[in-house]
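Below: entry_22.pdb (PDB, C-alpha atoms and all ligand atoms)
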```pdb
ATOM      1  CA  MET A   1       0.000   0.000   0.000
ATOM      2  CA  LEU A   2       2.799   2.394   0.908
ATOM      3  CA  ASP A   3       4.535   1.545  -2.331
ATOM      4  CA  ALA A   4       1.363   2.191  -4.307
ATOM      5  CA  SER A   5       0.783   5.513  -2.550
ATOM      6  CA  GLY A   6       3.408   7.085  -4.788
ATOM      7  CA  ARG A   7       5.756   8.374  -2.145
ATOM      8  CA  ASP A   8       9.414   8.734  -2.964
ATOM      9  CA  VAL A   9      10.630   7.491   0.387
ATOM     10  CA  VAL A  10       8.971   5.166   2.872
ATOM     11  CA  LEU A  11      10.602   4.662   6.246
ATOM     12  CA  VAL A  12       9.452   1.677   8.257
ATOM     13  CA  GLU A  13      10.401   1.569  11.908
ATOM     14  CA  THR A  14      10.114  -1.817  13.525
ATOM     15  CA  VAL A  15       9.871  -2.560  17.212
ATOM     16  CA  GLY A  16      12.650  -5.093  17.472
ATOM     17  CA  VAL A  17      13.999  -8.155  15.821
ATOM     18  CA  GLY A  18      11.690 -11.060  15.170
ATOM     19  CA  GLN A  19       9.998 -12.773  12.293
ATOM     20  CA  SER A  20       7.832  -9.793  11.364
ATOM     21  CA  GLU A  21      10.930  -7.617  11.168
ATOM     22  CA  LEU A  22      12.558 -10.093   8.847
ATOM     23  CA  ASP A  23       9.481  -9.947   6.624
ATOM     24  CA  ILE A  24       9.811  -6.183   6.509
ATOM     25  CA  ALA A  25      13.516  -6.527   5.862
ATOM     26  CA  ARG A  26      12.715  -8.640   2.831
ATOM     27  CA  ALA A  27      10.612  -5.843   1.412
ATOM     28  CA  ALA A  28      13.094  -3.097   2.243
ATOM     29  CA  ARG A  29      15.568  -1.559  -0.144
ATOM     30  CA  VAL A  30      18.039  -0.771   2.594
ATOM     31  CA  ILE A  31      18.152  -1.671   6.287
ATOM     32  CA  ALA A  32      19.541   0.538   9.035
ATOM     33  CA  VAL A  33      19.971  -0.860  12.512
ATOM     34  CA  VAL A  34      19.724   1.872  15.143
ATOM     35  CA  LEU A  35      21.588   1.423  18.404
ATOM     36  CA  MET A  36      22.107   3.589  21.459
ATOM     37  CA  PRO A  37      25.269   3.989  23.489
ATOM     38  CA  GLY A  38      25.415   2.613  26.976
ATOM     39  CA  ALA A  39      22.431   0.313  26.650
ATOM     40  CA  GLY A  40      24.377  -2.880  26.115
ATOM     41  CA  ASP A  41      22.830  -2.755  22.667
ATOM     42  CA  GLU A  42      25.796  -4.207  20.892
ATOM     43  CA  VAL A  43      25.581  -7.370  22.949
ATOM     44  CA  GLN A  44      21.868  -7.667  22.257
ATOM     45  CA  ALA A  45      22.468  -6.992  18.596
ATOM     46  CA  LEU A  46      25.031  -9.749  18.406
ATOM     47  CA  LYS A  47      22.698 -12.176  20.113
ATOM     48  CA  ALA A  48      19.805 -11.345  17.839
ATOM     49  CA  GLY A  49      21.912 -11.681  14.716
ATOM     50  CA  ILE A  50      20.989  -8.240  13.492
ATOM     51  CA  LEU A  51      24.551  -7.307  12.739
ATOM     52  CA  GLU A  52      24.138  -9.483   9.683
ATOM     53  CA  ILE A  53      20.842  -7.915   8.656
ATOM     54  CA  ALA A  54      22.069  -4.340   8.591
ATOM     55  CA  ASP A  55      23.284  -2.502   5.510
ATOM     56  CA  LEU A  56      24.421   0.253   7.825
ATOM     57  CA  PHE A  57      24.368   1.154  11.486
ATOM     58  CA  VAL A  58      23.193   4.263  13.264
ATOM     59  CA  ILE A  59      24.316   5.189  16.747
ATOM     60  CA  ASN A  60      21.637   7.614  17.869
ATOM     61  CA  LYS A  61      21.924   9.702  21.034
ATOM     62  CA  ALA A  62      25.577   9.916  20.098
ATOM     63  CA  ASP A  63      26.011  12.768  22.560
ATOM     64  CA  HIS A  64      25.597  10.251  25.361
ATOM     65  CA  PRO A  65      28.641   8.579  26.928
ATOM     66  CA  GLY A  66      29.823   5.399  25.241
ATOM     67  CA  ALA A  67      29.101   6.353  21.624
ATOM     68  CA  SER A  68      32.693   6.068  20.445
ATOM     69  CA  GLU A  69      33.162   2.776  22.312
ATOM     70  CA  LEU A  70      30.040   1.411  20.642
ATOM     71  CA  GLU A  71      31.273   2.541  17.231
ATOM     72  CA  ARG A  72      34.630   0.889  17.859
ATOM     73  CA  ASP A  73      32.901  -2.340  18.885
ATOM     74  CA  LEU A  74      30.763  -2.285  15.759
ATOM     75  CA  HIS A  75      33.783  -1.770  13.549
ATOM     76  CA  SER A  76      35.375  -4.830  15.085
ATOM     77  CA  TYR A  77      32.354  -6.947  14.103
ATOM     78  CA  THR A  78      31.390  -5.525  10.745
ATOM     79  CA  GLU A  79      32.673  -3.649   7.733
ATOM     80  CA  ARG A  80      29.344  -1.887   7.195
ATOM     81  CA  PRO A  81      29.217   1.894   7.622
ATOM     82  CA  VAL A  82      28.421   3.353  11.037
ATOM     83  CA  PHE A  83      26.788   6.780  11.466
ATOM     84  CA  GLN A  84      26.504   8.800  14.655
ATOM     85  CA  THR A  85      23.404  10.937  15.029
ATOM     86  CA  VAL A  86      21.656  13.091  17.596
ATOM     87  CA  ALA A  87      18.127  13.032  16.234
ATOM     88  CA  THR A  88      16.765  15.727  18.540
ATOM     89  CA  ASP A  89      19.344  18.216  17.243
ATOM     90  CA  GLY A  90      19.446  16.989  13.643
ATOM     91  CA  ILE A  91      23.118  16.148  13.982
ATOM     92  CA  GLY A  92      24.329  13.597  11.446
ATOM     93  CA  ILE A  93      20.912  13.228   9.823
ATOM     94  CA  ALA A  94      21.876  14.686   6.449
ATOM     95  CA  ALA A  95      24.776  12.263   6.027
ATOM     96  CA  LEU A  96      22.597   9.348   7.106
ATOM     97  CA  ALA A  97      19.813  10.322   4.691
ATOM     98  CA  GLU A  98      22.296  10.543   1.855
ATOM     99  CA  ALA A  99      23.692   7.109   2.690
ATOM    100  CA  LEU A 100      20.220   5.571   2.860
ATOM    101  CA  LEU A 101      19.177   7.070  -0.464
ATOM    102  CA  SER A 102      22.372   6.099  -2.264
ATOM    103  CA  ALA A 103      22.671   2.577  -0.868
ATOM    104  CA  PRO A 104      22.533  -0.107  -3.554
ATOM    105  CA  ALA A 105      19.246  -1.986  -3.667
ATOM    106  CA  ARG A 106      19.510  -5.410  -2.158
ATOM    107  CA  PRO A 107      18.508  -8.434  -4.235
ATOM    108  CA  ALA A 108      15.550 -10.237  -2.745
ATOM    109  CA  HIS A 109      17.530 -13.373  -2.004
ATOM    110  CA  ALA A 110      20.162 -11.547   0.006
ATOM    111  CA  LEU A 111      18.234 -10.892   3.122
ATOM    112  CA  SER A 112      21.526  -9.612   3.729
ATOM    113  CA  GLY A 113      23.476 -11.177   5.869
ATOM    114  CA  HIS A 114      21.850 -14.410   6.244
ATOM    115  CA  ALA A 115      23.424 -17.352   4.568
ATOM    116  CA  THR A 116      21.123 -19.016   2.074
ATOM    117  CA  ILE A 117      21.349 -22.400   0.433
ATOM    118  CA  ASP A 118      22.463 -21.473  -3.062
ATOM    119  CA  HIS A 119      22.305 -24.958  -4.470
ATOM    120  CA  LEU A 120      22.595 -28.664  -3.781
ATOM    121  CA  GLY A 121      25.113 -30.388  -6.018
ATOM    122  CA  ILE A 122      24.045 -33.874  -7.043
ATOM    123  CA  ALA A 123      26.369 -36.250  -8.872
ATOM    124  CA  VAL A 124      24.654 -38.247 -11.601
ATOM    125  CA  ASN A 125      25.726 -40.717 -14.271
ATOM    126  CA  SER A 126      23.621 -38.972 -16.884
ATOM    127  CA  ILE A 127      21.955 -35.566 -16.703
ATOM    128  CA  ASP A 128      19.416 -36.609 -19.313
ATOM    129  CA  ALA A 129      18.450 -39.637 -17.257
ATOM    130  CA  ALA A 130      18.340 -37.584 -14.063
ATOM    131  CA  LEU A 131      16.091 -34.980 -15.679
ATOM    132  CA  ALA A 132      13.508 -37.668 -16.248
ATOM    133  CA  PHE A 133      13.104 -37.569 -12.487
ATOM    134  CA  TRP A 134      13.921 -33.996 -11.427
ATOM    135  CA  GLU A 135      12.254 -32.241 -14.343
ATOM    136  CA  LYS A 136       9.542 -34.586 -15.533
ATOM    137  CA  GLN A 137       8.431 -36.082 -12.212
ATOM    138  CA  VAL A 138       9.363 -33.544  -9.538
ATOM    139  CA  GLY A 139       8.579 -30.648 -11.873
ATOM    140  CA  LEU A 140      11.646 -28.443 -11.484
ATOM    141  CA  PRO A 141      12.405 -26.341 -14.570
ATOM    142  CA  VAL A 142      15.847 -26.407 -16.196
ATOM    143  CA  ALA A 143      17.266 -22.882 -16.152
ATOM    144  CA  HIS A 144      20.383 -23.698 -18.087
ATOM    145  CA  ARG A 145      22.880 -26.373 -19.024
ATOM    146  CA  GLN A 146      26.552 -25.947 -19.641
ATOM    147  CA  THR A 147      29.858 -27.753 -19.687
ATOM    148  CA  VAL A 148      32.573 -26.493 -17.381
ATOM    149  CA  ALA A 149      35.647 -27.821 -19.155
ATOM    150  CA  HIS A 150      38.236 -27.129 -16.466
ATOM    151  CA  GLU A 151      36.127 -28.928 -13.862
ATOM    152  CA  HIS A 152      35.320 -31.784 -16.254
ATOM    153  CA  VAL A 153      31.586 -31.602 -15.674
ATOM    154  CA  HIS A 154      28.354 -31.082 -17.509
ATOM    155  CA  VAL A 155      26.009 -29.051 -15.352
ATOM    156  CA  ALA A 156      22.250 -28.534 -15.320
ATOM    157  CA  MET A 157      20.752 -25.917 -12.983
ATOM    158  CA  LEU A 158      17.166 -26.336 -11.805
ATOM    159  CA  PRO A 159      15.788 -23.440  -9.754
ATOM    160  CA  ALA A 160      13.861 -24.441  -6.647
ATOM    161  CA  GLY A 161      12.589 -21.369  -4.834
ATOM    162  CA  GLU A 162      15.543 -19.197  -3.916
ATOM    163  CA  SER A 163      17.846 -22.191  -4.262
ATOM    164  CA  ARG A 164      18.723 -24.579  -7.055
ATOM    165  CA  VAL A 165      19.418 -28.189  -7.714
ATOM    166  CA  GLU A 166      22.703 -28.598  -9.588
ATOM    167  CA  LEU A 167      23.087 -31.841 -11.509
ATOM    168  CA  LEU A 168      26.703 -32.799 -12.177
ATOM    169  CA  GLU A 169      27.783 -35.327 -14.796
ATOM    170  CA  ALA A 170      31.448 -36.161 -15.403
ATOM    171  CA  THR A 171      32.760 -35.383 -18.877
ATOM    172  CA  GLU A 172      35.351 -38.136 -18.637
ATOM    173  CA  PRO A 173      36.536 -40.921 -16.298
ATOM    174  CA  GLU A 174      38.969 -40.331 -13.442
ATOM    175  CA  THR A 175      37.659 -36.850 -12.723
ATOM    176  CA  THR A 176      36.187 -35.585  -9.471
ATOM    177  CA  ILE A 177      32.568 -36.465 -10.143
ATOM    178  CA  ALA A 178      33.426 -39.751 -11.872
ATOM    179  CA  LYS A 179      35.539 -40.826  -8.900
ATOM    180  CA  PHE A 180      32.843 -39.775  -6.453
ATOM    181  CA  ILE A 181      30.253 -41.913  -8.238
ATOM    182  CA  SER A 182      32.495 -44.935  -8.585
ATOM    183  CA  LYS A 183      33.244 -44.776  -4.872
ATOM    184  CA  ARG A 184      29.869 -43.852  -3.420
ATOM    185  CA  GLY A 185      27.338 -44.052  -6.213
ATOM    186  CA  GLU A 186      25.140 -41.277  -7.494
ATOM    187  CA  GLY A 187      23.824 -38.840  -4.929
ATOM    188  CA  LEU A 188      24.326 -35.654  -2.978
ATOM    189  CA  HIS A 189      27.832 -34.420  -3.719
ATOM    190  CA  HIS A 190      27.975 -31.036  -2.029
ATOM    191  CA  VAL A 191      25.957 -28.322  -0.330
ATOM    192  CA  ALA A 192      26.546 -24.731  -1.450
ATOM    193  CA  LEU A 193      25.835 -21.830   0.886
ATOM    194  CA  ARG A 194      25.805 -18.213  -0.232
ATOM    195  CA  VAL A 195      27.289 -16.255   2.645
ATOM    196  CA  PRO A 196      27.605 -12.626   3.617
ATOM    197  CA  ASP A 197      31.016 -11.384   4.691
ATOM    198  CA  PHE A 198      32.601 -14.159   2.657
ATOM    199  CA  ASP A 199      36.136 -12.957   3.356
ATOM    200  CA  ALA A 200      35.513 -12.925   7.095
ATOM    201  CA  ALA A 201      34.053 -16.419   6.934
ATOM    202  CA  ILE A 202      37.113 -17.676   5.071
ATOM    203  CA  ALA A 203      39.386 -16.032   7.617
ATOM    204  CA  ARG A 204      37.507 -17.695  10.483
ATOM    205  CA  LEU A 205      37.700 -21.070   8.770
ATOM    206  CA  ARG A 206      41.416 -20.733   8.147
ATOM    207  CA  ALA A 207      41.993 -19.668  11.744
ATOM    208  CA  SER A 208      40.129 -22.721  12.990
ATOM    209  CA  GLY A 209      42.274 -24.998  10.830
ATOM    210  CA  ALA A 210      39.523 -25.973   8.405
ATOM    211  CA  ARG A 211      40.740 -27.655   5.253
ATOM    212  CA  LEU A 212      40.040 -25.447   2.263
ATOM    213  CA  LEU A 213      40.262 -27.329  -1.014
ATOM    214  CA  ASN A 214      40.984 -24.284  -3.144
ATOM    215  CA  GLU A 215      41.815 -20.642  -2.853
ATOM    216  CA  PRO A 216      38.742 -18.457  -3.383
ATOM    217  CA  GLN A 217      38.250 -18.353  -7.148
ATOM    218  CA  GLN A 218      35.725 -17.424  -9.786
ATOM    219  CA  GLY A 219      33.395 -20.129 -10.996
ATOM    220  CA  ALA A 220      31.618 -20.489 -14.311
ATOM    221  CA  GLY A 221      28.878 -18.063 -13.340
ATOM    222  CA  GLY A 222      31.376 -15.441 -12.215
ATOM    223  CA  HIS A 223      30.766 -16.182  -8.551
ATOM    224  CA  THR A 224      33.600 -16.439  -6.077
ATOM    225  CA  TYR A 225      33.611 -19.767  -4.281
ATOM    226  CA  VAL A 226      35.662 -22.047  -2.101
ATOM    227  CA  PHE A 227      35.231 -25.727  -1.205
ATOM    228  CA  ILE A 228      35.764 -27.052   2.307
ATOM    229  CA  HIS A 229      36.718 -30.653   2.871
ATOM    230  CA  PRO A 230      34.139 -32.927   4.537
ATOM    231  CA  ALA A 231      36.691 -33.729   7.238
ATOM    232  CA  SER A 232      36.282 -30.153   8.478
ATOM    233  CA  THR A 233      32.494 -29.961   8.272
ATOM    234  CA  GLY A 234      31.214 -33.166   9.783
ATOM    235  CA  GLY A 235      31.055 -35.127   6.582
ATOM    236  CA  VAL A 236      29.581 -32.708   4.050
ATOM    237  CA  LEU A 237      31.542 -31.282   1.141
ATOM    238  CA  LEU A 238      30.682 -27.619   1.563
ATOM    239  CA  GLU A 239      30.885 -24.927  -1.085
ATOM    240  CA  LEU A 240      30.810 -21.342   0.127
ATOM    241  CA  ILE A 241      29.800 -18.686  -2.384
ATOM    242  CA  LYS A 242      30.355 -14.988  -1.964
ATOM    243  CA  ASP A 243      27.160 -12.982  -1.815
ATOM    244  CA  GLU A 244      27.883 -10.393  -4.494
ATOM    245  CA  HIS A 245      25.584  -7.911  -2.816
ATOM    246  CA  GLN A 246      28.066  -7.693   0.020
ATOM    247  CA  PRO A 247      30.966  -5.252  -0.114
TER     248      PRO A 247
HETATM  249 ZN    ZN B 301      28.287 -26.317  -6.663
END
```

Rewrite the coordinates I just gave you, this time as structure tokens.
Ligand code: ZN
Amino acid sequence: MLDASGRDVVLVETVGVGQSELDIARAARVIAVVLMPGAGDEVQALKAGILEIADLFVINKADHPGASELERDLHSYTERPVFQTVATDGIGIAALAEALLSAPARPAHALSGHATIDHLGIAVNSIDAALAFWEKQVGLPVAHRQTVAHEHVHVAMLPAGESRVELLEATEPETTIAKFISKRGEGLHHVALRVPDFDAAIARLRASGARLLNEPQQGAGGHTYVFIHPASTGGVLLELIKDEHQP
């Protein structure tokens, strides 16, 4: 209704962080999380996971003690911009308004900050044979097919909601997918998560000693990805994909 009312700018203030706020976040072009100094807000924010939701942060009542400490804390958790304002005096409002209006629109899938399942990679002997099930019986459409020569696979992508099923067929014997199938049979090969703050996630994984199977690199679709060995994930080959909406 607000959209249809023809206004240039609609500000929605929510009361906190819960499911209804996430619904609003999905509809929003840009999300500002407003905190106050000295209220222990940063701890609450961390607990609620809203650091990941925000496109930018606002420290209001910045004339109160603790504003600079709060800003420092935020900078240690996030690379998103932080603005200090004193709403009652109009301090900092112009800069904040400019940032809100110039922020890039978020894609619907990137409820920013939350990891989403980008796709499930399934190893098959024959994509054509597998499509008889996934396309014809389950009813998933085929968005595209391609051959990724350097990975020795034929790929078919079948969108399923905000995620996709990725069918993988080896182009020749003794390659990754061919070996997987000869060892374990057809089936789920990997899970791919699209993550915010990709670089930070990689840094955390490295620090914890996780076994990365490649350096972050660009895949066929231009996305940056890295694979993590099942030994480091509890038995699942995990592909992390950089959310391109993120800085
Ligand atoms: Zn994949």

Exercise. Which polymer residues have any atom within 12 Å of an atom of Asn214 of chain A, counting all atoms listed in the file, with same-chain residues fewer than 5 positions away left out, as a PyMOL selection string?
Worked result: chain A and resi 202+206+219+224-229+238-240

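Take the candidates A:Ser68, A:Ser182, A:Gln217, A:Asn60 and check each one against Val34 of chain A using all atoms listed in the file; the shortest distance goes to A:Asn60.
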
Can I get the residues close to ligand ZN 301 (chain B) as an mmCIF file with C-alpha atoms, in the frame of the given file, where close means within 7 Å and we count only C-alpha atoms and all ligand atoms?
```cif
data_model
loop_
_atom_site.group_PDB
_atom_site.id
_atom_site.type_symbol
_atom_site.label_atom_id
_atom_site.label_comp_id
_atom_site.auth_asym_id
_atom_site.auth_seq_id
_atom_site.Cartn_x
_atom_site.Cartn_y
_atom_site.Cartn_z
ATOM 1 C CA HIS A 119 22.305 -24.958 -4.470
ATOM 2 C CA LEU A 120 22.595 -28.664 -3.781
ATOM 3 C CA GLY A 121 25.113 -30.388 -6.018
ATOM 4 C CA GLU A 166 22.703 -28.598 -9.588
ATOM 5 C CA HIS A 190 27.975 -31.036 -2.029
ATOM 6 C CA ALA A 192 26.546 -24.731 -1.450
ATOM 7 C CA GLU A 239 30.885 -24.927 -1.085
#
```

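Separating atom CA of Ala149 of chain A from atom CA of Val195 of chain A is a distance of 26.1 Å.
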
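For the atom pair formed by atom CA of Val236 of chain A and atom CA of Thr78 of chain A, the distance is 28.1 Å, given to one decimal.
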
For this session: Counting only C-alpha atoms, figure out which residue out of A:Ile122, A:Val142, A:Val58, A:Ala25 gets nearest to Glu71 of chain A.
Result: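 Closest to Glu71 of chain A of all the choices is A:Val58.
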
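Of the listed residues (A:Glu98, A:Asp8, A:Asp118, A:Asp199), A:Asp118 comes nearest to Gly161 of chain A; the distances count only C-alpha atoms.
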
Exercise. So which residues fall inside 9 Å of (22.2, -33.0, -14.0) if we count only C-alpha atoms? Mind giving them as number ranges by chain?
Worked result: A: 121-131, 134, 145, 154-158, 165-169

Exercise. From the list A:Ile117, A:Val153, A:Ala32, A:Ile53, which residue is nearest Leu96 of chain A when using all atoms listed in the file?
Worked result: A:Ala32

For this session: Would you be able to write out as a ChimeraX atom specification which residues have an atom within 10 Å of (12.2, 8.8, 15.8) in the file's coordinates, counting all atoms listed in the file?
Result: /A:13,60,87-88

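Atom pair atom CA of Ala28 of chain A / atom CA of Ser102 of chain A: separated by 13.8 Å.
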
Problem set entry | Pick from A:His75, A:His189, A:His150, A:Lys183 nearest to Thr171 of chain A, counting all atoms listed in the file | A:His150

Exercise. What lies within 10 Å of Thr85 of chain A using all atoms listed in the file, ignoring chain neighbours under 3 positions off, as a list of chain:residue names?
Worked result: A:Val34, A:Met36, A:Val58, A:Ile59, A:Asn60, A:Lys61, A:Ala62, A:Asp63, A:Ala67, A:Val82, A:Thr88, A:Asp89, A:Gly90, A:Ile91, A:Gly92, A:Ile93, A:Ala94, A:Ala95, A:Leu96

Exercise. Applied to this file, what does the PyMOL selection byres (((chain A and resi 80) around 9) and not hetatm) return in terms of residues, put as a list in words?
Worked result: Ala54, Asp55, Leu56, Phe57, Leu74, His75, Thr78, Glu79, Pro81, Val82 and Pro247 of chain A

Would you mind putting N, CA, C and O atoms back on segment 195-207 of chain A and writing the result as an mmCIF file, in the frame of the given file?
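What follows is the written file selection.cif:
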```cif
data_model
loop_
_atom_site.group_PDB
_atom_site.id
_atom_site.type_symbol
_atom_site.label_atom_id
_atom_site.label_comp_id
_atom_site.auth_asym_id
_atom_site.auth_seq_id
_atom_site.Cartn_x
_atom_site.Cartn_y
_atom_site.Cartn_z
ATOM 1 N N VAL A 195 27.078 -16.870 1.335
ATOM 2 C CA VAL A 195 27.289 -16.255 2.645
ATOM 3 C C VAL A 195 27.662 -14.779 2.530
ATOM 4 O O VAL A 195 28.340 -14.356 1.601
ATOM 5 N N PRO A 196 27.172 -14.013 3.506
ATOM 6 C CA PRO A 196 27.605 -12.626 3.617
ATOM 7 C C PRO A 196 29.004 -12.610 4.216
ATOM 8 O O PRO A 196 29.426 -13.595 4.814
ATOM 9 N N ASP A 197 29.683 -11.523 4.090
ATOM 10 C CA ASP A 197 31.016 -11.384 4.691
ATOM 11 C C ASP A 197 31.864 -12.621 4.393
ATOM 12 O O ASP A 197 32.446 -13.238 5.282
ATOM 13 N N PHE A 198 31.885 -12.974 3.135
ATOM 14 C CA PHE A 198 32.601 -14.159 2.657
ATOM 15 C C PHE A 198 34.049 -14.161 3.143
ATOM 16 O O PHE A 198 34.547 -15.160 3.670
ATOM 17 N N ASP A 199 34.717 -13.017 2.988
ATOM 18 C CA ASP A 199 36.136 -12.957 3.356
ATOM 19 C C ASP A 199 36.337 -13.235 4.843
ATOM 20 O O ASP A 199 37.272 -13.923 5.233
ATOM 21 N N ALA A 200 35.414 -12.694 5.651
ATOM 22 C CA ALA A 200 35.513 -12.925 7.095
ATOM 23 C C ALA A 200 35.282 -14.398 7.412
ATOM 24 O O ALA A 200 35.948 -14.973 8.281
ATOM 25 N N ALA A 201 34.333 -14.997 6.703
ATOM 26 C CA ALA A 201 34.053 -16.419 6.934
ATOM 27 C C ALA A 201 35.279 -17.264 6.588
ATOM 28 O O ALA A 201 35.634 -18.184 7.325
ATOM 29 N N ILE A 202 35.917 -16.927 5.467
ATOM 30 C CA ILE A 202 37.113 -17.676 5.071
ATOM 31 C C ILE A 202 38.218 -17.504 6.117
ATOM 32 O O ILE A 202 38.904 -18.461 6.488
ATOM 33 N N ALA A 203 38.352 -16.287 6.605
ATOM 34 C CA ALA A 203 39.386 -16.032 7.617
ATOM 35 C C ALA A 203 39.117 -16.850 8.882
ATOM 36 O O ALA A 203 40.039 -17.429 9.467
ATOM 37 N N ARG A 204 37.850 -16.907 9.289
ATOM 38 C CA ARG A 204 37.507 -17.695 10.483
ATOM 39 C C ARG A 204 37.817 -19.170 10.252
ATOM 40 O O ARG A 204 38.337 -19.856 11.128
ATOM 41 N N LEU A 205 37.465 -19.655 9.060
ATOM 42 C CA LEU A 205 37.700 -21.070 8.770
ATOM 43 C C LEU A 205 39.184 -21.389 8.788
ATOM 44 O O LEU A 205 39.607 -22.389 9.361
ATOM 45 N N ARG A 206 39.966 -20.516 8.154
ATOM 46 C CA ARG A 206 41.416 -20.733 8.147
ATOM 47 C C ARG A 206 41.966 -20.749 9.568
ATOM 48 O O ARG A 206 42.772 -21.606 9.927
ATOM 49 N N ALA A 207 41.494 -19.784 10.367
ATOM 50 C CA ALA A 207 41.993 -19.668 11.744
ATOM 51 C C ALA A 207 41.660 -20.920 12.551
ATOM 52 O O ALA A 207 42.400 -21.307 13.444
#
```
